[in-house]
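I have placed the structure first, in the form of structure tokens, so that the comments after it can refer back to it.
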Amino acid sequence: MTDAPEIPVRVRPEVAALPPYKQGRQAGADAFKLSSNENPFDPLPGVLERVQHSTALNRYPDATAARLRERLAERFGVGADSIHIGAGSVSILAQLVLATSGPGDEVIYAWRSFEAYPWLAVVAGATAVQVPLAEGARHDLDAMAAAITDRTRAIIVCSPNNPTGPIVTQAEFDAFVEKVPADVLVILDEAYAEFVTDPDSVDGMRVLGGQGHPNVVVLRTFSKAYGLAALRVGYAVGHPRVLDAARSTAIPLSVTAHGEEAALASLDAEKELLERVRVIADRRDRLADGLREAGWNVPAAQGNFVWLPAGEETAAFATAFEEAGLIVRPFAGDGIRISVGEEESVEKVLGIAASVVKNLPEGHAGARASVER
């Protein structure tokens with residue numbers, strides 16, 4: 001194996017050492033793509049028509065996405081300046097980290113969680129502080145609070161946690177925020193909020209209501225439940241001055257006119273959205289239950305995906321899925337995330353999962369102890 005060629009210009013060493021973001025593998029026409037947490041449904045009614053009528057490609061979009069901001073502000077009972085629109089919620093995450101954190105600062109997050117978190121901190125020049133997940137693949141908020149130092153500038157909480165699935169409860173989050181210094185930003189990443197069925201789950205909009213917490217920003221997206229992954233529209237709700245700081249670090253004009261139109265049309269189709277979300281949540285629960293019956297120790301699943309804690313067997317098991325026409329998302333040494341896809345994929349996933357779980361070593365954390373293998 002040959003060494004990679006040297007970079008021809010001066011690049012920050014920590015950036016040069018970062019692996020590029022790895023997208024979930026694409027799938028061929030004869031396979032199910034279950035690697036990117038995409039919505040298996042087509043766009044909601046009215047979306048394609050609105051996008052097709054947006055033909056002024058020679059004109060720049062509204063840099064503030066004002067109509068969408070106003071629509072969301074009305075929905076959540078806040079002022080339009082308390083809403084910020086970005087090219088996916090991850091772009092706003094990057095803006096917030098850049099706005100708050102630099103060399104010598106620290107960004108805290110749970111691990112394993114969304115794979116973008118480490119490089120967001122590194123790109124900002126800050127130090128990434130990873131706090132291991134607790135039992136059940138859940139956030140350990142007590143440990144995260146204990147990790148706060150005078151160098152901490154931002155903390156990211158992902159609920160439901162991607163890729164493992166469990167939520168943070170409202171009571172846990174409320175208690176956690178009280179332990180965080182008032183001048184430290186807490187980012188509540190709720191990319192999968194619409195799929196949550198656990199009544200005890202944290203609700204970012206409830207956090208921001210009532211007494212409010214000006215150091216908390218809530219992130220949501222149109223990529224998942226709304227099925228607009230290709231158009232890249234996400235949003236933040238929070239204190240106007242905090243969002244102003246994010247806007248100052250944003251790449252101008254990154255939200256397209258087509259993205260804004262599609263998001264507005266999707267909000268008009270809420271009845272259909274709720275029905276689709278119900279179908280996906282039911283499919284997720286059946287998938288998780290079936291995996292447990294097959295012998296897998298599956299964490300509580302509240303997003304549109306399930307997690308198989310395969311550990312060192314991850315790569316081999318992912319290959320077995322792929323050979324069966326199921327493109328899943330392996331995380332080397334940790335586990336496999338499987339998106340909830342088409343109904344036809346469910347039995348295929350359960351069949352392969354049942355066949356490979358028997359190969360887990362005795363006492364493996366991914367296997368249910370009560371199931372004979």
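Residue names in the structure tokens use chain letters A, B, ... in the order shown, residue numbers from 1 in each chain, and ligand numbers from 1 in the order shown.
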
Env of Gly295 of chain A: 7 Å cut, atoms = only C-alpha atoms, seq-sep filter 3 positions within chain, self excluded. Answer as a CSV table (one decimal) with N, CA and C atoms, in the first residue's frame.
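New file result12.csv:
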chain,number,residue,atom,x,y,z
A,291,LEU,N,-36.0,-7.5,15.8
A,291,LEU,CA,-34.6,-7.7,16.1
A,291,LEU,C,-34.4,-8.3,17.5
A,292,ARG,N,-35.1,-7.8,18.4
A,292,ARG,CA,-34.9,-8.3,19.8
A,292,ARG,C,-35.4,-9.7,19.9
A,357,VAL,N,-26.7,-12.8,14.1
A,357,VAL,CA,-26.6,-12.6,15.5
A,357,VAL,C,-26.0,-13.9,16.2
A,367,ALA,N,-25.9,-9.0,22.1
A,367,ALA,CA,-26.8,-10.2,22.1
A,367,ALA,C,-27.6,-10.2,23.4
A,368,ARG,N,-28.8,-10.5,23.3
A,368,ARG,CA,-29.7,-10.7,24.5
A,368,ARG,C,-29.3,-12.0,25.2
A,371,VAL,N,-31.6,-15.2,25.0
A,371,VAL,CA,-31.9,-15.9,23.8
A,371,VAL,C,-30.8,-16.9,23.5

Inset, instruction - Might you pull out every residue within 7 Å of segment 315-320 of chain A, with only C-alpha atoms counted and same-chain residues fewer than 2 positions away left off, and present them as JSON, numbers by chain? - result: {"A": [313, 322, 323, 324, 328, 330, 332, 356]}

Kindly export the residues of the current selection with all heavy atoms, as a compact mmCIF listing (two decimals), in the first residue's frame.
# COMPACT_ATOMS: atom_id res chain seq x y z
N GLU A 313 -17.65 -7.17 15.22
CA GLU A 313 -18.25 -7.93 14.11
C GLU A 313 -18.93 -7.01 13.09
O GLU A 313 -19.52 -7.49 12.12
CB GLU A 313 -19.29 -8.93 14.66
CG GLU A 313 -18.81 -9.81 15.78
CD GLU A 313 -17.64 -10.69 15.37
OE1 GLU A 313 -17.64 -11.13 14.20
OE2 GLU A 313 -16.75 -10.92 16.20
N GLU A 322 -25.25 -6.30 2.93
CA GLU A 322 -25.07 -5.78 1.58
C GLU A 322 -25.18 -6.88 0.53
O GLU A 322 -25.74 -6.66 -0.56
CB GLU A 322 -23.73 -5.05 1.48
CG GLU A 322 -23.72 -3.76 2.29
CD GLU A 322 -22.36 -3.09 2.33
OE1 GLU A 322 -21.47 -3.53 1.56
OE2 GLU A 322 -22.18 -2.15 3.13
N GLU A 323 -24.68 -8.05 0.85
CA GLU A 323 -24.79 -9.17 -0.09
C GLU A 323 -26.24 -9.58 -0.30
O GLU A 323 -26.59 -10.18 -1.33
CB GLU A 323 -23.97 -10.35 0.41
CG GLU A 323 -22.46 -10.11 0.30
CD GLU A 323 -21.64 -11.24 0.90
OE1 GLU A 323 -22.24 -12.09 1.62
OE2 GLU A 323 -20.41 -11.26 0.68
N ALA A 324 -27.10 -9.24 0.66
CA ALA A 324 -28.53 -9.53 0.55
C ALA A 324 -29.31 -8.37 -0.06
O ALA A 324 -30.55 -8.39 -0.08
CB ALA A 324 -29.10 -9.87 1.92
N VAL A 328 -26.60 -0.85 4.48
CA VAL A 328 -26.73 -0.33 5.84
C VAL A 328 -25.53 0.58 6.14
O VAL A 328 -24.65 0.75 5.32
CB VAL A 328 -26.83 -1.48 6.86
CG1 VAL A 328 -28.10 -2.29 6.61
CG2 VAL A 328 -25.59 -2.38 6.79
N PRO A 330 -22.42 0.94 8.51
CA PRO A 330 -21.56 0.42 9.57
C PRO A 330 -20.69 1.52 10.18
O PRO A 330 -20.21 2.41 9.48
CB PRO A 330 -20.69 -0.60 8.82
CG PRO A 330 -20.61 -0.07 7.42
CD PRO A 330 -21.88 0.67 7.16
N ALA A 332 -17.35 1.38 12.21
CA ALA A 332 -16.33 0.38 12.52
C ALA A 332 -16.08 0.24 14.01
O ALA A 332 -15.85 1.23 14.71
CB ALA A 332 -15.02 0.74 11.80
N VAL A 356 -27.07 -13.54 11.43
CA VAL A 356 -25.72 -13.15 11.87
C VAL A 356 -25.58 -13.05 13.38
O VAL A 356 -24.47 -13.18 13.90
CB VAL A 356 -25.29 -11.81 11.21
CG1 VAL A 356 -25.21 -11.96 9.70
CG2 VAL A 356 -26.20 -10.66 11.60

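Between atom CA of Gln170 of chain A and atom CA of Ser201 of chain A the interatomic distance comes to 5.4 Å.
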
Report the closest atom pair, with its distance in Å rounded to one decimal, for each residue of segment 254-326 of chain A that has an atom no farther than 8 Å from segment 228-244 of chain A; count only C-alpha atoms, sort by chain and then rising residue number, and write it as CSV.
residue,atom,partner,partner_atom,distance
A:Val255,CA,A:Val233,CA,6.8
A:Thr256,CA,A:Leu231,CA,7.8
A:His258,CA,A:Leu231,CA,7.3
A:Gly259,CA,A:Leu231,CA,5.1
A:Glu260,CA,A:Val233,CA,7.3
A:Ala262,CA,A:Leu228,CA,7.6
A:Ala263,CA,A:Val233,CA,7.3

Inset, instruction - Could you give me, as a PyMOL selection string, each residue of segment 230-327 of chain A that DSSP assigns to helix (DSSP H, G or I) when run on this structure's backbone? - result: chain A and resi 230-231+240-249+257-268+270-294+311-323
